[in-house]
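Notes for the one structure printed next.
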Amino acid sequence: MPRVKRGVTAHRRHKKVLALTKGHRATKHSLYRRAHESMLKSLSYAYSHRRERKGDMRRLWILRVNAASRARGLTYSQFIDGLKRSGVEINRKILADMAVREPDAFANLVTIARGKVQD
């Protein structure tokens with residue numbers, strides 16, 4: 001059996017890790033051991049923050065809907081409650097988009113919600 005020299009495989013693995021840590025500071029992008037630690041940490045941050053981003057977006061949508069509905073005389077909670085009571089099922093993403101791009105349509109939703117809130 002021929003003798004196996006392992007340098008190529010290790011070198012390829014090291015190059016892959018160093019490529020992933022390109023842009024990291026100090027020795028975290030140039031020394032393999034430090035780069036491997038940095039890569040593991042950055043990949044775990046990327047995984048968790050992908051999920052965190054969904055909450056961030058929801059908070060942004062709520063903020064936009066609240067601002068637009070307050071400009072028309074209803075608080076966010078009253079607006080959402082009025083929409084639920086009137087049977088309008090539009091998610092917050094669409095509501096936020098309507099508040100920014102189609103203010104007239106959003107104003108119609110506010111009047112619908114206002115009619116159900118004051119019943």
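By order of appearance in the structure tokens: chains A, B, ..., then residues from 1 within every chain, and ligands from 1 in the order shown.
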Close residues, Leu18 (chain A) itself excluded, 8 Å, only C-alpha atoms, min 3 positions apart in chain, as JSON, numbers by chain
{"A": [14, 15, 21, 22, 29, 30, 31, 32, 35, 36]}
Resulting file, chosen residues, C-alpha atoms, as a PDB file, in the first residue's frame:
ATOM      1  CA  HIS A  14      -7.128  25.560   6.713  1.00  0.00           C
ATOM      2  CA  LYS A  15      -7.587  27.661   3.569  1.00  0.00           C
ATOM      3  CA  THR A  21     -12.694  34.620   8.510  1.00  0.00           C
ATOM      4  CA  LYS A  22     -11.565  37.143   5.904  1.00  0.00           C
ATOM      5  CA  HIS A  29      -8.078  36.042  10.107  1.00  0.00           C
ATOM      6  CA  SER A  30      -4.489  34.886   9.724  1.00  0.00           C
ATOM      7  CA  LEU A  31      -3.649  32.240  12.337  1.00  0.00           C
ATOM      8  CA  TYR A  32      -5.542  28.992  11.849  1.00  0.00           C
ATOM      9  CA  ALA A  35      -9.392  31.816  12.964  1.00  0.00           C
ATOM     10  CA  HIS A  36     -11.162  28.525  13.687  1.00  0.00           C
TER      11      HIS A  36
END
What's around Ser86 (chain A) at 9 Å? Count only C-alpha atoms, leave out sequence neighbours fewer than 6 positions away in its own chain, and write the answer as a PDB file with N, CA and C atoms, in the first residue's frame.
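Saved as result39.pdb:
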ATOM      1  N   ILE A 112     -62.504  51.861   9.198  1.00  0.00           N
ATOM      2  CA  ILE A 112     -63.174  50.585   9.497  1.00  0.00           C
ATOM      3  C   ILE A 112     -62.918  50.188  10.944  1.00  0.00           C
ATOM      4  N   ALA A 113     -61.659  50.299  11.375  1.00  0.00           N
ATOM      5  CA  ALA A 113     -61.301  49.925  12.749  1.00  0.00           C
ATOM      6  C   ALA A 113     -61.965  50.850  13.765  1.00  0.00           C
ATOM      7  N   GLY A 115     -64.791  52.372  13.523  1.00  0.00           N
ATOM      8  CA  GLY A 115     -66.207  52.039  13.652  1.00  0.00           C
ATOM      9  C   GLY A 115     -66.464  50.884  14.586  1.00  0.00           C
ATOM     10  N   LYS A 116     -65.557  49.932  14.643  1.00  0.00           N
ATOM     11  CA  LYS A 116     -65.726  48.776  15.534  1.00  0.00           C
ATOM     12  C   LYS A 116     -65.245  49.042  16.960  1.00  0.00           C
TER      13      LYS A 116
END
Computed interatomic separation between CA of Leu60 (chain A) and CA of Ala96 (chain A) (Å)
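For CA of Leu60 (chain A) relative to CA of Ala96 (chain A), the distance reads 8.4 Å.
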Neighbouring residues of Ala68 (chain A) were defined as those with any atom within 10 Å, considering only C-alpha atoms; residues of the same chain fewer than 6 positions away were excluded. Please report them as a list in words.
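The contact residues come out as Ile62, Leu74, Thr75, Tyr76, Leu95, Ala96, Met98, Ala99, Val100, Pro103, Phe106, Ala107 and Val110 of chain A.
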Residues of the last selection are to be written out with N, CA and C atoms, as a PDB file, in the first residue's frame.
ATOM      1  N   ILE A  62     -44.607  47.132  13.504  1.00  0.00           N
ATOM      2  CA  ILE A  62     -45.511  47.633  14.542  1.00  0.00           C
ATOM      3  C   ILE A  62     -45.283  49.128  14.753  1.00  0.00           C
ATOM      4  N   LEU A  74     -55.935  57.099  16.104  1.00  0.00           N
ATOM      5  CA  LEU A  74     -56.152  55.820  16.794  1.00  0.00           C
ATOM      6  C   LEU A  74     -54.812  55.276  17.266  1.00  0.00           C
ATOM      7  N   THR A  75     -54.780  54.716  18.463  1.00  0.00           N
ATOM      8  CA  THR A  75     -53.545  54.080  18.904  1.00  0.00           C
ATOM      9  C   THR A  75     -53.406  52.729  18.206  1.00  0.00           C
ATOM     10  N   TYR A  76     -52.209  52.163  18.303  1.00  0.00           N
ATOM     11  CA  TYR A  76     -51.939  50.883  17.640  1.00  0.00           C
ATOM     12  C   TYR A  76     -52.859  49.789  18.171  1.00  0.00           C
ATOM     13  N   LEU A  95     -49.678  45.751   6.581  1.00  0.00           N
ATOM     14  CA  LEU A  95     -50.170  47.018   7.142  1.00  0.00           C
ATOM     15  C   LEU A  95     -49.091  48.092   7.101  1.00  0.00           C
ATOM     16  N   ALA A  96     -47.860  47.718   7.480  1.00  0.00           N
ATOM     17  CA  ALA A  96     -46.753  48.682   7.478  1.00  0.00           C
ATOM     18  C   ALA A  96     -46.464  49.152   6.058  1.00  0.00           C
ATOM     19  N   MET A  98     -48.627  49.237   3.573  1.00  0.00           N
ATOM     20  CA  MET A  98     -49.741  50.103   3.170  1.00  0.00           C
ATOM     21  C   MET A  98     -49.602  51.494   3.784  1.00  0.00           C
ATOM     22  N   ALA A  99     -49.173  51.548   5.042  1.00  0.00           N
ATOM     23  CA  ALA A  99     -49.038  52.837   5.719  1.00  0.00           C
ATOM     24  C   ALA A  99     -48.035  53.729   5.001  1.00  0.00           C
ATOM     25  N   VAL A 100     -46.990  53.119   4.445  1.00  0.00           N
ATOM     26  CA  VAL A 100     -45.949  53.895   3.775  1.00  0.00           C
ATOM     27  C   VAL A 100     -46.320  54.189   2.322  1.00  0.00           C
ATOM     28  N   PRO A 103     -51.266  55.450   1.592  1.00  0.00           N
ATOM     29  CA  PRO A 103     -51.888  56.072   2.769  1.00  0.00           C
ATOM     30  C   PRO A 103     -53.413  56.152   2.687  1.00  0.00           C
ATOM     31  N   PHE A 106     -54.788  52.812   3.691  1.00  0.00           N
ATOM     32  CA  PHE A 106     -54.586  52.659   5.129  1.00  0.00           C
ATOM     33  C   PHE A 106     -55.603  53.495   5.901  1.00  0.00           C
ATOM     34  N   ALA A 107     -55.904  54.683   5.399  1.00  0.00           N
ATOM     35  CA  ALA A 107     -56.897  55.536   6.052  1.00  0.00           C
ATOM     36  C   ALA A 107     -58.270  54.863   6.054  1.00  0.00           C
ATOM     37  N   VAL A 110     -58.302  52.427   8.813  1.00  0.00           N
ATOM     38  CA  VAL A 110     -58.435  53.108  10.109  1.00  0.00           C
ATOM     39  C   VAL A 110     -59.899  53.457  10.374  1.00  0.00           C
TER      40      VAL A 110
END
As number ranges by chain, which residues of chain A does DSSP assign to helix (DSSP H, G or I)?
A: 7-20, 26-29, 32-71, 76-85, 92-101, 103-117
Would you mind exporting C-alpha atoms of the selected residues as an mmCIF file, in the first residue's frame?
data_model
loop_
_atom_site.group_PDB
_atom_site.id
_atom_site.type_symbol
_atom_site.label_atom_id
_atom_site.label_comp_id
_atom_site.auth_asym_id
_atom_site.auth_seq_id
_atom_site.Cartn_x
_atom_site.Cartn_y
_atom_site.Cartn_z
ATOM 1 C CA GLY A 7 -0.628 17.828 3.923
ATOM 2 C CA VAL A 8 -2.978 18.584 1.042
ATOM 3 C CA THR A 9 -6.176 17.837 2.959
ATOM 4 C CA ALA A 10 -5.158 19.842 6.013
ATOM 5 C CA HIS A 11 -4.003 22.735 3.849
ATOM 6 C CA ARG A 12 -7.326 22.793 2.002
ATOM 7 C CA ARG A 13 -9.278 22.761 5.287
ATOM 8 C CA HIS A 14 -7.128 25.560 6.713
ATOM 9 C CA LYS A 15 -7.587 27.661 3.569
ATOM 10 C CA LYS A 16 -11.370 27.201 3.810
ATOM 11 C CA VAL A 17 -11.421 28.423 7.428
ATOM 12 C CA LEU A 18 -9.147 31.374 6.653
ATOM 13 C CA ALA A 19 -11.387 32.331 3.728
ATOM 14 C CA LEU A 20 -14.444 32.316 6.030
ATOM 15 C CA ALA A 26 -6.035 40.912 14.264
ATOM 16 C CA THR A 27 -4.850 37.291 14.205
ATOM 17 C CA LYS A 28 -8.409 36.007 13.889
ATOM 18 C CA HIS A 29 -8.078 36.042 10.107
ATOM 19 C CA TYR A 32 -5.542 28.992 11.849
ATOM 20 C CA ARG A 33 -6.307 28.186 15.489
ATOM 21 C CA ARG A 34 -7.560 31.689 16.289
ATOM 22 C CA ALA A 35 -9.392 31.816 12.964
ATOM 23 C CA HIS A 36 -11.162 28.525 13.687
ATOM 24 C CA GLU A 37 -12.421 29.861 17.040
ATOM 25 C CA SER A 38 -13.513 33.091 15.389
ATOM 26 C CA MET A 39 -15.277 31.196 12.593
ATOM 27 C CA LEU A 40 -17.249 29.026 15.029
ATOM 28 C CA LYS A 41 -18.341 32.087 17.002
ATOM 29 C CA SER A 42 -19.287 34.087 13.907
ATOM 30 C CA LEU A 43 -21.292 31.222 12.420
ATOM 31 C CA SER A 44 -23.217 30.783 15.671
ATOM 32 C CA TYR A 45 -23.928 34.534 15.756
ATOM 33 C CA ALA A 46 -25.108 34.385 12.146
ATOM 34 C CA TYR A 47 -27.471 31.505 12.945
ATOM 35 C CA SER A 48 -29.019 33.140 16.009
ATOM 36 C CA HIS A 49 -29.249 36.593 14.441
ATOM 37 C CA ARG A 50 -31.104 35.235 11.418
ATOM 38 C CA ARG A 51 -33.865 34.303 13.851
ATOM 39 C CA GLU A 52 -33.507 37.550 15.801
ATOM 40 C CA ARG A 53 -33.975 39.539 12.582
ATOM 41 C CA LYS A 54 -37.553 38.265 12.307
ATOM 42 C CA GLY A 55 -38.409 39.863 15.645
ATOM 43 C CA ASP A 56 -36.622 43.052 14.630
ATOM 44 C CA MET A 57 -38.694 43.287 11.470
ATOM 45 C CA ARG A 58 -41.923 42.705 13.386
ATOM 46 C CA ARG A 59 -40.993 45.511 15.805
ATOM 47 C CA LEU A 60 -40.308 47.815 12.850
ATOM 48 C CA TRP A 61 -43.674 46.993 11.264
ATOM 49 C CA ILE A 62 -45.511 47.633 14.542
ATOM 50 C CA LEU A 63 -43.690 50.944 14.941
ATOM 51 C CA ARG A 64 -44.701 52.067 11.440
ATOM 52 C CA VAL A 65 -48.327 50.995 11.843
ATOM 53 C CA ASN A 66 -48.500 52.725 15.228
ATOM 54 C CA ALA A 67 -47.144 55.991 13.812
ATOM 55 C CA ALA A 68 -49.519 55.926 10.839
ATOM 56 C CA SER A 69 -52.584 55.045 12.899
ATOM 57 C CA ARG A 70 -51.792 57.677 15.548
ATOM 58 C CA ALA A 71 -51.587 60.273 12.785
ATOM 59 C CA TYR A 76 -51.939 50.883 17.640
ATOM 60 C CA SER A 77 -53.799 48.642 20.073
ATOM 61 C CA GLN A 78 -57.167 50.244 19.259
ATOM 62 C CA PHE A 79 -56.423 49.938 15.537
ATOM 63 C CA ILE A 80 -55.502 46.237 15.717
ATOM 64 C CA ASP A 81 -58.455 45.509 18.011
ATOM 65 C CA GLY A 82 -60.825 47.283 15.601
ATOM 66 C CA LEU A 83 -59.458 45.331 12.637
ATOM 67 C CA LYS A 84 -59.889 42.025 14.475
ATOM 68 C CA ARG A 85 -63.449 42.856 15.484
ATOM 69 C CA ARG A 92 -48.462 43.649 10.244
ATOM 70 C CA LYS A 93 -46.019 43.468 7.334
ATOM 71 C CA ILE A 94 -48.732 44.357 4.827
ATOM 72 C CA LEU A 95 -50.170 47.018 7.142
ATOM 73 C CA ALA A 96 -46.753 48.682 7.478
ATOM 74 C CA ASP A 97 -46.288 48.586 3.704
ATOM 75 C CA MET A 98 -49.741 50.103 3.170
ATOM 76 C CA ALA A 99 -49.038 52.837 5.719
ATOM 77 C CA VAL A 100 -45.949 53.895 3.775
ATOM 78 C CA ARG A 101 -46.975 53.317 0.135
ATOM 79 C CA PRO A 103 -51.888 56.072 2.769
ATOM 80 C CA ASP A 104 -55.422 56.342 1.341
ATOM 81 C CA ALA A 105 -56.052 52.599 1.628
ATOM 82 C CA PHE A 106 -54.586 52.659 5.129
ATOM 83 C CA ALA A 107 -56.897 55.536 6.052
ATOM 84 C CA ASN A 108 -59.865 53.393 4.932
ATOM 85 C CA LEU A 109 -58.697 50.614 7.259
ATOM 86 C CA VAL A 110 -58.435 53.108 10.109
ATOM 87 C CA THR A 111 -62.040 54.233 9.554
ATOM 88 C CA ILE A 112 -63.174 50.585 9.497
ATOM 89 C CA ALA A 113 -61.301 49.925 12.749
ATOM 90 C CA ARG A 114 -62.631 53.119 14.349
ATOM 91 C CA GLY A 115 -66.207 52.039 13.652
ATOM 92 C CA LYS A 116 -65.726 48.776 15.534
ATOM 93 C CA VAL A 117 -63.751 50.248 18.446
#
